[in-house]
Every structure is written in C-alpha cells, then in structure tokens.
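Okay, structure first, notes after.
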Amino acid sequence: LVHNAGISGFRPLAELDEAGWHRFLDTNAGSVFLGSKALMPLMEAAPTASIVAVGSTLALRPAAPLAAYSASKGALRNLVKAIALDCAQ
C-alpha cells in the first residue's frame with residue numbers, strides 16, 4: 001500500500017479557518033488512517049506486505065507559512081510509526 005495523496009498550501013495561521021485546518025489533517029493524515037485501517041485484514045494475511053506513506057521534511061522542520069501542512073505531515077509521520085508498532089504485535 002502506498003499512501004501518496006496529499007494537499008499543500010501557503011497560508012499564514014492567522015488566515016487559516018477551522019475548515020482549512022481540518023482539510024489538511026483529514027487529507028494528509030486522515031486518509032492514511034482510513035486506507036491503512038481498511039487494508040489491515042489483507043496486510044495480516046500477507047506477512048511480507050508493506051505500507052509506505054509519502055511525507056515531508058516539514059514534518060521535522062516546520063516552516064512558515066505552512067503551519068497546517070507541517071502539522072499534518074508531523075501527524076502522518078507519527079501515525080505511520082504507530083501503525084508499524086500495531087502491526088508488529
């Protein structure tokens with residue numbers, strides 16, 4: 001499974017509304033949650049299967065005016081790590 005969907009955008013936090021904030025998180029991290037969850041039964045049946053998620057260096061080094069994008073990619077990074085830990089058990 002390769003998660004390659006994502007959105008980007010340059011917007012200062014002061015100009016970002018709540019709907020825009022959720023759009024970044026839902027697309028860049030939420031879609032990975034939903035796709036990975038849906039595929040878990042198949043992943044368990046194929047022990048050599050992998051999940052790959054395309055991230056960003058901004059997950060580690062946020063930049064302005066990319067607060068929402070940076071936060072969503074940080075969430076993605078930690079989500080993928082947590083999924084790996086869940087699958088290892």
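Identifiers in this document derive from the order of the structure tokens: chains are assigned A, B, ..., residues are numbered from 1 separately in each chain, and ligands are numbered from 1 in order of occurrence.
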Write down as an MDAnalysis selection string the residues of chain A whose backbone DSSP state falls under alpha helix (DSSP H). chainID A and resid 18:25 31:45 67:88
Within 8 Å of stretch 50-59 of chain A, counting only C-alpha atoms, which residues show up once you throw out same-chain ones fewer than 4 positions away? Write them as a PDB file with all heavy atoms, in the first residue's frame, please.
ATOM      1  N   LEU A   1       0.849  -1.173   0.000  1.00  0.00           N
ATOM      2  CA  LEU A   1       0.000   0.000   0.000  1.00  0.00           C
ATOM      3  C   LEU A   1       0.891   1.230   0.000  1.00  0.00           C
ATOM      4  O   LEU A   1       1.775   1.358   0.835  1.00  0.00           O
ATOM      5  CB  LEU A   1      -0.901  -0.013   1.237  1.00  0.00           C
ATOM      6  CG  LEU A   1      -1.720   1.240   1.520  1.00  0.00           C
ATOM      7  CD1 LEU A   1      -2.703   1.522   0.401  1.00  0.00           C
ATOM      8  CD2 LEU A   1      -2.437   1.092   2.843  1.00  0.00           C
ATOM      9  N   VAL A   2       0.677   2.139  -0.937  1.00  0.00           N
ATOM     10  CA  VAL A   2       1.415   3.402  -0.987  1.00  0.00           C
ATOM     11  C   VAL A   2       0.428   4.546  -0.810  1.00  0.00           C
ATOM     12  O   VAL A   2      -0.485   4.714  -1.618  1.00  0.00           O
ATOM     13  CB  VAL A   2       2.184   3.563  -2.315  1.00  0.00           C
ATOM     14  CG1 VAL A   2       2.879   4.913  -2.359  1.00  0.00           C
ATOM     15  CG2 VAL A   2       3.187   2.436  -2.497  1.00  0.00           C
ATOM     16  N   HIS A   3       0.630   5.298   0.251  1.00  0.00           N
ATOM     17  CA  HIS A   3      -0.177   6.494   0.501  1.00  0.00           C
ATOM     18  C   HIS A   3       0.562   7.673  -0.113  1.00  0.00           C
ATOM     19  O   HIS A   3       1.616   8.066   0.381  1.00  0.00           O
ATOM     20  CB  HIS A   3      -0.342   6.739   2.000  1.00  0.00           C
ATOM     21  CG  HIS A   3      -1.143   5.712   2.704  1.00  0.00           C
ATOM     22  ND1 HIS A   3      -2.505   5.588   2.537  1.00  0.00           N
ATOM     23  CD2 HIS A   3      -0.781   4.756   3.587  1.00  0.00           C
ATOM     24  CE1 HIS A   3      -2.946   4.604   3.295  1.00  0.00           C
ATOM     25  NE2 HIS A   3      -1.923   4.082   3.938  1.00  0.00           N
ATOM     26  N   ASN A   4       0.024   8.219  -1.198  1.00  0.00           N
ATOM     27  CA  ASN A   4       0.688   9.317  -1.882  1.00  0.00           C
ATOM     28  C   ASN A   4      -0.235  10.517  -2.070  1.00  0.00           C
ATOM     29  O   ASN A   4       0.123  11.465  -2.733  1.00  0.00           O
ATOM     30  CB  ASN A   4       1.226   8.839  -3.234  1.00  0.00           C
ATOM     31  CG  ASN A   4       2.195   9.825  -3.836  1.00  0.00           C
ATOM     32  OD1 ASN A   4       2.974  10.450  -3.142  1.00  0.00           O
ATOM     33  ND2 ASN A   4       2.147   9.980  -5.139  1.00  0.00           N
ATOM     34  N   VAL A  32      -4.560   8.402   5.423  1.00  0.00           N
ATOM     35  CA  VAL A  32      -3.648   7.286   5.716  1.00  0.00           C
ATOM     36  C   VAL A  32      -4.259   6.389   6.791  1.00  0.00           C
ATOM     37  O   VAL A  32      -4.184   5.158   6.697  1.00  0.00           O
ATOM     38  CB  VAL A  32      -2.261   7.819   6.141  1.00  0.00           C
ATOM     39  CG1 VAL A  32      -1.361   6.686   6.602  1.00  0.00           C
ATOM     40  CG2 VAL A  32      -1.627   8.572   4.986  1.00  0.00           C
ATOM     41  N   SER A  36      -5.154   2.612   5.675  1.00  0.00           N
ATOM     42  CA  SER A  36      -4.428   1.559   6.394  1.00  0.00           C
ATOM     43  C   SER A  36      -5.387   0.674   7.179  1.00  0.00           C
ATOM     44  O   SER A  36      -5.257  -0.553   7.185  1.00  0.00           O
ATOM     45  CB  SER A  36      -3.400   2.189   7.348  1.00  0.00           C
ATOM     46  OG  SER A  36      -2.440   2.909   6.615  1.00  0.00           O
ATOM     47  N   MET A  43      -3.342  -7.052   5.025  1.00  0.00           N
ATOM     48  CA  MET A  43      -1.952  -6.969   5.462  1.00  0.00           C
ATOM     49  C   MET A  43      -1.615  -8.135   6.396  1.00  0.00           C
ATOM     50  O   MET A  43      -0.523  -8.707   6.313  1.00  0.00           O
ATOM     51  CB  MET A  43      -1.696  -5.644   6.188  1.00  0.00           C
ATOM     52  CG  MET A  43      -1.907  -4.398   5.358  1.00  0.00           C
ATOM     53  SD  MET A  43      -0.695  -4.166   4.057  1.00  0.00           S
ATOM     54  CE  MET A  43       0.728  -3.761   5.018  1.00  0.00           C
ATOM     55  N   ALA A  63       7.854  25.111   8.706  1.00  0.00           N
ATOM     56  CA  ALA A  63       8.207  26.401   8.119  1.00  0.00           C
ATOM     57  C   ALA A  63       6.961  27.260   7.979  1.00  0.00           C
ATOM     58  O   ALA A  63       5.843  26.756   7.901  1.00  0.00           O
ATOM     59  CB  ALA A  63       8.850  26.182   6.747  1.00  0.00           C
ATOM     60  N   TYR A  69       0.086  22.495   7.055  1.00  0.00           N
ATOM     61  CA  TYR A  69       0.743  21.448   6.268  1.00  0.00           C
ATOM     62  C   TYR A  69       1.799  20.739   7.115  1.00  0.00           C
ATOM     63  O   TYR A  69       1.849  19.511   7.166  1.00  0.00           O
ATOM     64  CB  TYR A  69       1.374  22.047   5.016  1.00  0.00           C
ATOM     65  CG  TYR A  69       2.113  21.039   4.180  1.00  0.00           C
ATOM     66  CD1 TYR A  69       1.428  20.181   3.324  1.00  0.00           C
ATOM     67  CD2 TYR A  69       3.497  20.921   4.246  1.00  0.00           C
ATOM     68  CE1 TYR A  69       2.095  19.239   2.559  1.00  0.00           C
ATOM     69  CE2 TYR A  69       4.175  19.991   3.483  1.00  0.00           C
ATOM     70  CZ  TYR A  69       3.475  19.155   2.645  1.00  0.00           C
ATOM     71  OH  TYR A  69       4.143  18.222   1.887  1.00  0.00           O
ATOM     72  N   SER A  70       2.644  21.517   7.790  1.00  0.00           N
ATOM     73  CA  SER A  70       3.703  20.938   8.620  1.00  0.00           C
ATOM     74  C   SER A  70       3.116  20.059   9.729  1.00  0.00           C
ATOM     75  O   SER A  70       3.608  18.955   9.984  1.00  0.00           O
ATOM     76  CB  SER A  70       4.553  22.047   9.239  1.00  0.00           C
ATOM     77  OG  SER A  70       5.192  22.819   8.240  1.00  0.00           O
ATOM     78  N   ALA A  71       2.075  20.542  10.374  1.00  0.00           N
ATOM     79  CA  ALA A  71       1.437  19.765  11.437  1.00  0.00           C
ATOM     80  C   ALA A  71       0.836  18.476  10.898  1.00  0.00           C
ATOM     81  O   ALA A  71       0.947  17.413  11.525  1.00  0.00           O
ATOM     82  CB  ALA A  71       0.362  20.601  12.126  1.00  0.00           C
ATOM     83  N   SER A  72       0.221  18.537   9.730  1.00  0.00           N
ATOM     84  CA  SER A  72      -0.402  17.338   9.159  1.00  0.00           C
ATOM     85  C   SER A  72       0.652  16.305   8.769  1.00  0.00           C
ATOM     86  O   SER A  72       0.432  15.106   8.918  1.00  0.00           O
ATOM     87  CB  SER A  72      -1.286  17.693   7.968  1.00  0.00           C
ATOM     88  OG  SER A  72      -0.530  18.129   6.857  1.00  0.00           O
ATOM     89  N   LYS A  73       1.797  16.761   8.291  1.00  0.00           N
ATOM     90  CA  LYS A  73       2.862  15.817   7.927  1.00  0.00           C
ATOM     91  C   LYS A  73       3.545  15.258   9.173  1.00  0.00           C
ATOM     92  O   LYS A  73       4.000  14.115   9.184  1.00  0.00           O
ATOM     93  CB  LYS A  73       3.873  16.480   6.992  1.00  0.00           C
ATOM     94  CG  LYS A  73       3.308  16.747   5.605  1.00  0.00           C
ATOM     95  CD  LYS A  73       2.843  15.465   4.928  1.00  0.00           C
ATOM     96  CE  LYS A  73       2.361  15.713   3.522  1.00  0.00           C
ATOM     97  NZ  LYS A  73       2.110  14.465   2.787  1.00  0.00           N
ATOM     98  N   GLY A  74       3.598  16.037  10.249  1.00  0.00           N
ATOM     99  CA  GLY A  74       4.094  15.505  11.518  1.00  0.00           C
ATOM    100  C   GLY A  74       3.155  14.442  12.068  1.00  0.00           C
ATOM    101  O   GLY A  74       3.592  13.410  12.577  1.00  0.00           O
ATOM    102  N   ALA A  75       1.858  14.701  11.954  1.00  0.00           N
ATOM    103  CA  ALA A  75       0.866  13.705  12.377  1.00  0.00           C
ATOM    104  C   ALA A  75       1.001  12.445  11.537  1.00  0.00           C
ATOM    105  O   ALA A  75       0.932  11.329  12.060  1.00  0.00           O
ATOM    106  CB  ALA A  75      -0.538  14.289  12.264  1.00  0.00           C
ATOM    107  N   LEU A  76       1.196  12.612  10.245  1.00  0.00           N
ATOM    108  CA  LEU A  76       1.374  11.464   9.350  1.00  0.00           C
ATOM    109  C   LEU A  76       2.578  10.635   9.771  1.00  0.00           C
ATOM    110  O   LEU A  76       2.498   9.406   9.872  1.00  0.00           O
ATOM    111  CB  LEU A  76       1.542  11.947   7.910  1.00  0.00           C
ATOM    112  CG  LEU A  76       2.027  10.913   6.902  1.00  0.00           C
ATOM    113  CD1 LEU A  76       0.997   9.816   6.725  1.00  0.00           C
ATOM    114  CD2 LEU A  76       2.349  11.582   5.576  1.00  0.00           C
ATOM    115  N   ARG A  77       3.683  11.294  10.049  1.00  0.00           N
ATOM    116  CA  ARG A  77       4.907  10.588  10.440  1.00  0.00           C
ATOM    117  C   ARG A  77       4.674   9.738  11.686  1.00  0.00           C
ATOM    118  O   ARG A  77       5.049   8.562  11.739  1.00  0.00           O
ATOM    119  CB  ARG A  77       6.014  11.609  10.684  1.00  0.00           C
ATOM    120  CG  ARG A  77       7.341  11.016  11.045  1.00  0.00           C
ATOM    121  CD  ARG A  77       8.395  12.122  11.107  1.00  0.00           C
ATOM    122  NE  ARG A  77       9.701  11.554  11.326  1.00  0.00           N
ATOM    123  CZ  ARG A  77      10.263  11.422  12.530  1.00  0.00           C
ATOM    124  NH1 ARG A  77       9.611  11.811  13.607  1.00  0.00           N
ATOM    125  NH2 ARG A  77      11.457  10.899  12.646  1.00  0.00           N
ATOM    126  N   VAL A  80       2.217   6.712  11.033  1.00  0.00           N
ATOM    127  CA  VAL A  80       2.843   5.573  10.354  1.00  0.00           C
ATOM    128  C   VAL A  80       3.699   4.772  11.335  1.00  0.00           C
ATOM    129  O   VAL A  80       3.693   3.541  11.315  1.00  0.00           O
ATOM    130  CB  VAL A  80       3.661   6.051   9.132  1.00  0.00           C
ATOM    131  CG1 VAL A  80       4.514   4.934   8.569  1.00  0.00           C
ATOM    132  CG2 VAL A  80       2.717   6.592   8.067  1.00  0.00           C
TER     133      VAL A  80
END
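Residue-level DSSP output for chain A, from the backbone, shows strand (DSSP E or B) at A:Val2, A:His3, A:Val52, A:Ala53.
Shortest separation to A:Gly9 among A:Ala84, A:Pro65, A:Asn28, A:Met40 occurs at residue A:Pro65, atoms counted being only C-alpha atoms.
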The distance between atom CA of A:Ala68 and atom CA of A:Phe24 is 6.3 Å
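Between atom CA of A:Pro41 and atom CA of A:Leu25 the separation is 24.8 Å.
Across the structure, atom CA of A:Leu60 and atom CA of A:Asp17 are spaced 23.6 Å apart.
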